[in-house]
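*Asks:* Next up, work.json (JSON, C-alpha atoms).
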[["chain", "number", "residue", "atom", "x", "y", "z"],
["F", 1, "MET", "CA", 321.53, 116.50, -40.10],
["F", 2, "THR", "CA", 324.89, 114.75, -40.21],
["F", 3, "ARG", "CA", 324.96, 111.46, -42.08],
["F", 4, "SER", "CA", 327.34, 108.61, -41.48],
["F", 5, "PRO", "CA", 329.86, 108.31, -44.34],
["F", 6, "THR", "CA", 328.66, 104.73, -44.94],
["F", 7, "TYR", "CA", 325.17, 105.96, -45.92],
["F", 8, "ASN", "CA", 324.90, 107.88, -49.17],
["F", 9, "ALA", "CA", 321.17, 108.56, -49.34],
["F", 10, "GLU", "CA", 318.80, 110.61, -47.26],
["F", 11, "MET", "CA", 316.00, 108.82, -45.47],
["F", 12, "ILE", "CA", 312.86, 108.54, -47.61],
["F", 13, "GLU", "CA", 309.39, 107.98, -46.18],
["F", 14, "SER", "CA", 307.46, 105.61, -48.39],
["F", 15, "ARG", "CA", 303.71, 106.09, -48.49],
["F", 16, "THR", "CA", 303.26, 103.01, -50.65],
["F", 17, "PRO", "CA", 303.94, 99.81, -48.72],
["F", 18, "PRO", "CA", 306.36, 97.50, -50.52],
["F", 19, "TYR", "CA", 304.26, 94.43, -49.57],
["F", 20, "GLU", "CA", 300.57, 93.79, -49.06],
["F", 21, "ARG", "CA", 301.26, 91.69, -45.98],
["F", 22, "ILE", "CA", 304.27, 90.83, -43.85],
["F", 23, "ILE", "CA", 304.29, 87.74, -41.67],
["F", 24, "PHE", "CA", 306.76, 88.17, -38.83],
["F", 25, "VAL", "CA", 307.94, 84.93, -37.24],
["F", 26, "CYS", "CA", 309.73, 85.34, -33.92],
["F", 27, "CYS", "CA", 313.04, 83.50, -34.15],
["F", 28, "ASN", "CA", 314.61, 84.81, -30.94],
["F", 29, "GLU", "CA", 317.25, 82.48, -29.52],
["F", 30, "ARG", "CA", 318.16, 81.89, -25.90],
["F", 31, "GLU", "CA", 320.11, 79.28, -24.01],
["F", 32, "PRO", "CA", 318.87, 75.69, -24.49],
["F", 33, "GLY", "CA", 316.00, 74.96, -22.12],
["F", 34, "GLU", "CA", 314.98, 78.62, -21.78],
["F", 35, "ASP", "CA", 311.71, 79.98, -23.13],
["F", 36, "ALA", "CA", 312.34, 81.18, -26.68],
["F", 37, "CYS", "CA", 310.55, 80.80, -29.98],
["F", 38, "ALA", "CA", 313.66, 79.47, -31.72],
["F", 39, "ASN", "CA", 313.96, 76.77, -29.07],
["F", 40, "ARG", "CA", 310.47, 75.64, -30.07],
["F", 41, "GLY", "CA", 311.04, 75.35, -33.81],
["F", 42, "SER", "CA", 310.12, 78.79, -35.14],
["F", 43, "ALA", "CA", 312.87, 78.71, -37.79],
["F", 44, "ALA", "CA", 311.20, 75.69, -39.40],
["F", 45, "LEU", "CA", 307.85, 77.51, -39.34],
["F", 46, "GLN", "CA", 309.39, 80.51, -41.07],
["F", 47, "LYS", "CA", 311.00, 78.30, -43.70],
["F", 48, "GLU", "CA", 307.70, 76.51, -44.37],
["F", 49, "LEU", "CA", 305.77, 79.79, -44.66],
["F", 50, "LYS", "CA", 308.36, 81.10, -47.14],
["F", 51, "ALA", "CA", 307.94, 77.93, -49.20],
["F", 52, "ILE", "CA", 304.16, 78.34, -49.21],
["F", 53, "VAL", "CA", 304.44, 81.97, -50.35],
["F", 54, "LYS", "CA", 306.76, 80.96, -53.18],
["F", 55, "GLU", "CA", 304.58, 77.98, -54.16],
["F", 56, "LYS", "CA", 301.48, 80.21, -54.36],
["F", 57, "GLY", "CA", 303.30, 82.79, -56.49],
["F", 58, "LEU", "CA", 302.95, 85.53, -53.87],
["F", 59, "LYS", "CA", 306.61, 86.46, -53.62],
["F", 60, "GLY", "CA", 306.84, 90.24, -53.91],
["F", 61, "ARG", "CA", 303.31, 90.70, -52.56],
["F", 62, "LEU", "CA", 303.75, 88.99, -49.22],
["F", 63, "ARG", "CA", 306.95, 88.78, -47.19],
["F", 64, "VAL", "CA", 307.84, 86.32, -44.46],
["F", 65, "SER", "CA", 310.39, 87.87, -42.13],
["F", 66, "ARG", "CA", 312.24, 86.80, -39.03],
["F", 67, "ALA", "CA", 311.65, 88.91, -35.95],
["F", 68, "MET", "CA", 313.84, 88.87, -32.87],
["F", 69, "CYS", "CA", 311.53, 89.03, -29.87],
["F", 70, "PHE", "CA", 307.89, 89.88, -29.30],
["F", 71, "GLY", "CA", 308.29, 89.58, -25.53],
["F", 72, "LEU", "CA", 305.98, 86.57, -25.39],
["F", 73, "CYS", "CA", 308.66, 83.88, -25.13],
["F", 74, "ALA", "CA", 306.72, 81.63, -22.76],
["F", 75, "GLU", "CA", 303.85, 81.46, -25.26],
["F", 76, "GLY", "CA", 305.81, 80.87, -28.47],
["F", 77, "PRO", "CA", 306.43, 80.25, -31.22],
["F", 78, "ASN", "CA", 304.78, 83.55, -32.05],
["F", 79, "ILE", "CA", 303.71, 84.93, -35.42],
["F", 80, "CYS", "CA", 302.38, 88.40, -36.23],
["F", 81, "VAL", "CA", 300.68, 89.33, -39.52],
["F", 82, "MET", "CA", 300.77, 92.97, -40.61],
["F", 83, "PRO", "CA", 298.98, 95.17, -41.54],
["F", 84, "ASP", "CA", 296.20, 92.88, -40.26],
["F", 85, "ASN", "CA", 297.66, 93.20, -36.73],
["F", 86, "VAL", "CA", 296.80, 89.59, -35.95],
["F", 87, "TRP", "CA", 298.98, 87.77, -33.43],
["F", 88, "TYR", "CA", 299.32, 84.01, -33.04],
["F", 89, "ARG", "CA", 300.89, 82.34, -30.01],
["F", 90, "GLY", "CA", 301.93, 78.73, -29.52],
["F", 91, "VAL", "CA", 302.06, 78.12, -33.28],
["F", 92, "GLY", "CA", 302.98, 74.67, -34.53],
["F", 93, "PRO", "CA", 303.31, 73.18, -38.03],
["F", 94, "ALA", "CA", 299.67, 72.04, -37.97],
["F", 95, "ASP", "CA", 298.55, 75.68, -37.51],
["F", 96, "LEU", "CA", 300.16, 76.99, -40.70],
["F", 97, "PRO", "CA", 297.29, 76.00, -43.05],
["F", 98, "ALA", "CA", 294.82, 78.08, -41.00],
["F", 99, "ILE", "CA", 297.15, 81.08, -40.99],
["F", 100, "VAL", "CA", 297.70, 80.71, -44.73],
["F", 101, "ALA", "CA", 293.96, 80.38, -45.41],
["F", 102, "LYS", "CA", 293.12, 83.49, -43.41],
["F", 103, "HIS", "CA", 295.86, 85.82, -44.62],
["F", 104, "LEU", "CA", 297.12, 84.50, -47.96],
["F", 105, "ALA", "CA", 293.83, 83.46, -49.58],
["F", 106, "PRO", "CA", 292.70, 87.07, -50.21],
["F", 107, "LEU", "CA", 296.00, 87.72, -51.98],
["F", 108, "THR", "CA", 295.65, 84.72, -54.28],
["F", 109, "ILE", "CA", 292.29, 86.04, -55.50],
["F", 110, "ALA", "CA", 292.96, 89.77, -55.73],
["F", 111, "PRO", "CA", 295.27, 91.18, -58.37],
["F", 112, "PRO", "CA", 298.48, 92.79, -57.13],
["F", 113, "ALA", "CA", 298.05, 96.31, -55.79],
["F", 114, "PRO", "CA", 299.51, 99.03, -58.03],
["F", 115, "ARG", "CA", 302.89, 100.36, -56.90]]
If you took the structure in this file and wrote it as C-alpha cells, what would it be?
*Replies:*
Amino acid sequence: MTRSPTYNAEMIESRTPPYERIIFVCCNEREPGEDACANRGSAALQKELKAIVKEKGLKGRLRVSRAMCFGLCAEGPNICVMPDNVWYRGVGPADLPAIVAKHLAPLTIAPPAPR
C-alpha cells in the first residue's frame, strides 16, 4: 500500500473505544432560510453540551462532536448518541436536560472503563 508522504504511520484498528459515548450534533450549514441544523441553533446546543460534559467531569469519557449532515435537515437540529444509537430530531435547549439524564447519568455513576 502506498502512503501519502504527509502521513508517517500505518493505519491502526483500535479495538478499545477512546470514549464511552460520543454525542454527535449536526452543525451542517446552508444558505440562510434553507433547512439546516446550523440555521436552527445547533452550534449553541453543541457548546452547551460540551459545557455540561466538562462541568460533570466527564471529559475524556464522553465526547461531544460536530457532525456535518445526517440527511434530516427538515427535522433538525439533530443529535445522535453513540454507541447507544439513539437519534433525536427537532432538539432545542429545553431538551438537553433529558438527553443528559438519559446518556450521561450512567457515566457519572460508573467508574471509567479501563483503557
*Asks:* Do you know which residues are at most 8 Å from Gln46 in chain F counting all atoms listed in the file, after dropping those on the same chain fewer than 6 positions away, and could you put them as a ChimeraX atom specification?
*Replies:* /F:25,64-66
*Asks:* With distances taken over all atoms listed in the file, which of F:Ala9, F:Ile23, F:Ala38, F:Leu58 is nearest to Gly76 in chain F?
*Replies:* F:Ala38
*Asks:* Using all atoms listed in the file, which of F:Arg63, F:Ala105, F:Cys26, F:Pro17 sits nearest Tyr88 in chain F?
*Replies:*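 Selected residue with least distance to Tyr88 in chain F: F:Cys26.
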*Asks:* For Leu45 in chain F, which residue among F:Leu62, F:Asp95, F:Pro83, F:Ile22 is the nearest when counting only C-alpha atoms?
*Replies:*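 Closest candidate: F:Asp95.
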*Asks:* Between CA of Glu34 in chain F and CA of Ala74 in chain F, what is the distance, to one decimal in Å?
*Replies:*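 Between CA of Glu34 in chain F and CA of Ala74 in chain F the gap is 8.8 Å.
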*Asks:* One decimal, in Å: what's the spacing between CA of Tyr19 in chain F and CA of Gly60 in chain F?
*Replies:*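 Interatomic distance, CA of Tyr19 in chain F to CA of Gly60 in chain F: 6.6 Å.
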